[in-house]
Amino acid sequence: MKGKILDFSLQEGKGIISGDNGTRYDFVISEWKNEKAPAVGQTVDFDMNENSAVSIYLEKAIASGEKSKLAAALLALFLGGFGIHKFYLGCNTAGIIMLLVFLFGFILLGIPSIFIGMIAFIEAILYLIKSEEDFEKIYIDNKKCWF
């Protein structure tokens, strides 16, 4: 069943999930099957055992604001010189730096622009070779902006 976490206390290790059927289910942290602690508002998939939720998994949904490694790689590959992939990943300062160096690099015979393009190409390759978990941990959770 799908549901949403209504309340969770890390100190007590207990929380409440509202199921899609409108029923509320209690859960304990030992039933949580994800590395990160549960947070209020997260969408989850779980099994029911009377009035308790068991085997609780975080529902992965791109539409809920999560970033896709494929989208980041394609942006880096095709629009990387402009730093679009940096803006997509939430690294606005790095995106502005790439954009300005790329645009104003043509003043210096285009050498800085070529350099920025190579950085974007390398980052696209790095995004693609990382596993989904590594990509999320490195670039989304830890906000690593360069290589």
# chains A, B, ... in the order shown; residues from 1 in each chain; ligands from 1
$ select_by_dssp --residues "segment 12-129 of chain A" --states "alpha helix (DSSP H)" --output "ChimeraX atom specification"
/A:69-79,84-88,92-104,111-129
$ write_last_selection --atoms "C-alpha atoms" --output "PDB file, in the first residue's frame"
ATOM      1  CA  LYS A  69      21.171  11.452 -13.207  1.00  0.00           C
ATOM      2  CA  LEU A  70      20.233  10.919 -16.875  1.00  0.00           C
ATOM      3  CA  ALA A  71      18.713  14.407 -17.103  1.00  0.00           C
ATOM      4  CA  ALA A  72      21.796  15.926 -15.454  1.00  0.00           C
ATOM      5  CA  ALA A  73      24.097  14.027 -17.832  1.00  0.00           C
ATOM      6  CA  LEU A  74      22.147  15.090 -20.928  1.00  0.00           C
ATOM      7  CA  LEU A  75      22.100  18.704 -19.791  1.00  0.00           C
ATOM      8  CA  ALA A  76      25.849  18.564 -19.157  1.00  0.00           C
ATOM      9  CA  LEU A  77      26.465  16.970 -22.540  1.00  0.00           C
ATOM     10  CA  PHE A  78      24.357  19.305 -24.670  1.00  0.00           C
ATOM     11  CA  LEU A  79      24.167  22.550 -22.637  1.00  0.00           C
ATOM     12  CA  ILE A  84      22.618  24.377 -17.132  1.00  0.00           C
ATOM     13  CA  HIS A  85      23.323  21.045 -15.427  1.00  0.00           C
ATOM     14  CA  LYS A  86      24.717  22.936 -12.420  1.00  0.00           C
ATOM     15  CA  PHE A  87      21.509  24.943 -12.082  1.00  0.00           C
ATOM     16  CA  TYR A  88      19.511  21.695 -12.404  1.00  0.00           C
ATOM     17  CA  ASN A  92      23.746  27.994  -8.744  1.00  0.00           C
ATOM     18  CA  THR A  93      27.129  29.597  -8.002  1.00  0.00           C
ATOM     19  CA  ALA A  94      28.936  26.956 -10.066  1.00  0.00           C
ATOM     20  CA  GLY A  95      26.366  27.421 -12.830  1.00  0.00           C
ATOM     21  CA  ILE A  96      26.904  31.172 -12.913  1.00  0.00           C
ATOM     22  CA  ILE A  97      30.690  30.702 -13.007  1.00  0.00           C
ATOM     23  CA  MET A  98      30.430  28.272 -15.930  1.00  0.00           C
ATOM     24  CA  LEU A  99      28.008  30.528 -17.791  1.00  0.00           C
ATOM     25  CA  LEU A 100      30.143  33.648 -17.400  1.00  0.00           C
ATOM     26  CA  VAL A 101      33.422  31.912 -18.261  1.00  0.00           C
ATOM     27  CA  PHE A 102      31.811  30.332 -21.321  1.00  0.00           C
ATOM     28  CA  LEU A 103      30.271  33.577 -22.577  1.00  0.00           C
ATOM     29  CA  PHE A 104      33.196  35.870 -21.846  1.00  0.00           C
ATOM     30  CA  ILE A 111      40.191  28.989 -24.862  1.00  0.00           C
ATOM     31  CA  PRO A 112      38.283  29.369 -21.551  1.00  0.00           C
ATOM     32  CA  SER A 113      35.067  28.404 -23.351  1.00  0.00           C
ATOM     33  CA  ILE A 114      36.657  25.215 -24.686  1.00  0.00           C
ATOM     34  CA  PHE A 115      37.948  24.427 -21.193  1.00  0.00           C
ATOM     35  CA  ILE A 116      34.451  24.855 -19.686  1.00  0.00           C
ATOM     36  CA  GLY A 117      33.009  22.654 -22.432  1.00  0.00           C
ATOM     37  CA  MET A 118      35.513  19.919 -21.592  1.00  0.00           C
ATOM     38  CA  ILE A 119      34.628  20.156 -17.897  1.00  0.00           C
ATOM     39  CA  ALA A 120      30.945  19.753 -18.761  1.00  0.00           C
ATOM     40  CA  PHE A 121      31.713  16.747 -20.991  1.00  0.00           C
ATOM     41  CA  ILE A 122      33.744  15.065 -18.230  1.00  0.00           C
ATOM     42  CA  GLU A 123      30.961  15.718 -15.721  1.00  0.00           C
ATOM     43  CA  ALA A 124      28.394  14.172 -18.101  1.00  0.00           C
ATOM     44  CA  ILE A 125      30.499  11.018 -18.290  1.00  0.00           C
ATOM     45  CA  LEU A 126      30.929  10.945 -14.506  1.00  0.00           C
ATOM     46  CA  TYR A 127      27.170  11.289 -13.980  1.00  0.00           C
ATOM     47  CA  LEU A 128      26.501   8.387 -16.332  1.00  0.00           C
ATOM     48  CA  ILE A 129      29.018   5.960 -14.825  1.00  0.00           C
TER      49      ILE A 129
END
$ residues_around --residues "Met48 of chain A" --least-positions-apart "5" --cutoff "12 Å" --atoms "only C-alpha atoms" --output "list in words"
Met1, Lys2, Gly3, Ile17, Ser18, Gly19, Asn21, Thr23, Arg24, Tyr25, Asp26, Phe27, Glu31, Ala53, Val54, Ser55 and Ile56 of chain A
$ write_last_selection --atoms "N, CA and C atoms" --output "PDB file, in the first residue's frame"
ATOM      1  N   MET A   1       0.848  -1.171   0.000  1.00  0.00           N
ATOM      2  CA  MET A   1       0.000   0.000   0.000  1.00  0.00           C
ATOM      3  C   MET A   1       0.894   1.235   0.000  1.00  0.00           C
ATOM      4  N   LYS A   2       0.387   2.274  -0.568  1.00  0.00           N
ATOM      5  CA  LYS A   2       1.100   3.555  -0.585  1.00  0.00           C
ATOM      6  C   LYS A   2       0.533   4.446   0.518  1.00  0.00           C
ATOM      7  N   GLY A   3       1.368   5.371   1.001  1.00  0.00           N
ATOM      8  CA  GLY A   3       0.931   6.296   2.032  1.00  0.00           C
ATOM      9  C   GLY A   3       1.913   7.430   2.200  1.00  0.00           C
ATOM     10  N   ILE A  17       1.828   6.735   9.651  1.00  0.00           N
ATOM     11  CA  ILE A  17       1.667   6.823   8.204  1.00  0.00           C
ATOM     12  C   ILE A  17       0.182   6.868   7.889  1.00  0.00           C
ATOM     13  N   SER A  18      -0.196   7.753   6.993  1.00  0.00           N
ATOM     14  CA  SER A  18      -1.569   7.799   6.495  1.00  0.00           C
ATOM     15  C   SER A  18      -1.602   7.022   5.183  1.00  0.00           C
ATOM     16  N   GLY A  19      -2.331   5.923   5.163  1.00  0.00           N
ATOM     17  CA  GLY A  19      -2.428   5.106   3.962  1.00  0.00           C
ATOM     18  C   GLY A  19      -3.340   5.742   2.927  1.00  0.00           C
ATOM     19  N   ASN A  21      -5.832   4.506   1.735  1.00  0.00           N
ATOM     20  CA  ASN A  21      -7.222   4.166   2.066  1.00  0.00           C
ATOM     21  C   ASN A  21      -7.790   5.043   3.184  1.00  0.00           C
ATOM     22  N   THR A  23      -6.705   5.228   6.301  1.00  0.00           N
ATOM     23  CA  THR A  23      -6.411   4.682   7.629  1.00  0.00           C
ATOM     24  C   THR A  23      -5.000   5.081   8.051  1.00  0.00           C
ATOM     25  N   ARG A  24      -4.841   5.321   9.339  1.00  0.00           N
ATOM     26  CA  ARG A  24      -3.520   5.661   9.878  1.00  0.00           C
ATOM     27  C   ARG A  24      -2.891   4.418  10.481  1.00  0.00           C
ATOM     28  N   TYR A  25      -1.595   4.277  10.219  1.00  0.00           N
ATOM     29  CA  TYR A  25      -0.855   3.110  10.693  1.00  0.00           C
ATOM     30  C   TYR A  25       0.352   3.578  11.495  1.00  0.00           C
ATOM     31  N   ASP A  26       0.563   2.959  12.651  1.00  0.00           N
ATOM     32  CA  ASP A  26       1.751   3.227  13.464  1.00  0.00           C
ATOM     33  C   ASP A  26       2.919   2.438  12.871  1.00  0.00           C
ATOM     34  N   PHE A  27       4.120   2.960  13.038  1.00  0.00           N
ATOM     35  CA  PHE A  27       5.294   2.196  12.614  1.00  0.00           C
ATOM     36  C   PHE A  27       6.457   2.486  13.546  1.00  0.00           C
ATOM     37  N   GLU A  31      11.215  -1.071  11.056  1.00  0.00           N
ATOM     38  CA  GLU A  31      10.521  -1.466   9.822  1.00  0.00           C
ATOM     39  C   GLU A  31      10.908  -0.592   8.634  1.00  0.00           C
ATOM     40  N   ALA A  53       2.307  -0.510  10.245  1.00  0.00           N
ATOM     41  CA  ALA A  53       2.950  -0.565   8.939  1.00  0.00           C
ATOM     42  C   ALA A  53       4.255  -1.329   9.087  1.00  0.00           C
ATOM     43  N   VAL A  54       4.509  -2.249   8.164  1.00  0.00           N
ATOM     44  CA  VAL A  54       5.740  -3.040   8.182  1.00  0.00           C
ATOM     45  C   VAL A  54       6.379  -2.982   6.799  1.00  0.00           C
ATOM     46  N   SER A  55       7.645  -3.303   6.746  1.00  0.00           N
ATOM     47  CA  SER A  55       8.407  -3.293   5.490  1.00  0.00           C
ATOM     48  C   SER A  55       8.176  -1.998   4.721  1.00  0.00           C
ATOM     49  N   ILE A  56       8.586  -0.897   5.324  1.00  0.00           N
ATOM     50  CA  ILE A  56       8.335   0.435   4.765  1.00  0.00           C
ATOM     51  C   ILE A  56       9.502   0.859   3.882  1.00  0.00           C
TER      52      ILE A  56
END
$ atom_distance --atom1 "atom CA of Asp47 of chain A" --atom2 "atom CA of Leu6 of chain A"
16.6 Å
$ atom_distance --atom1 "atom CA of Tyr57 of chain A" --atom2 "atom CA of Ser30 of chain A"
11.7 Å
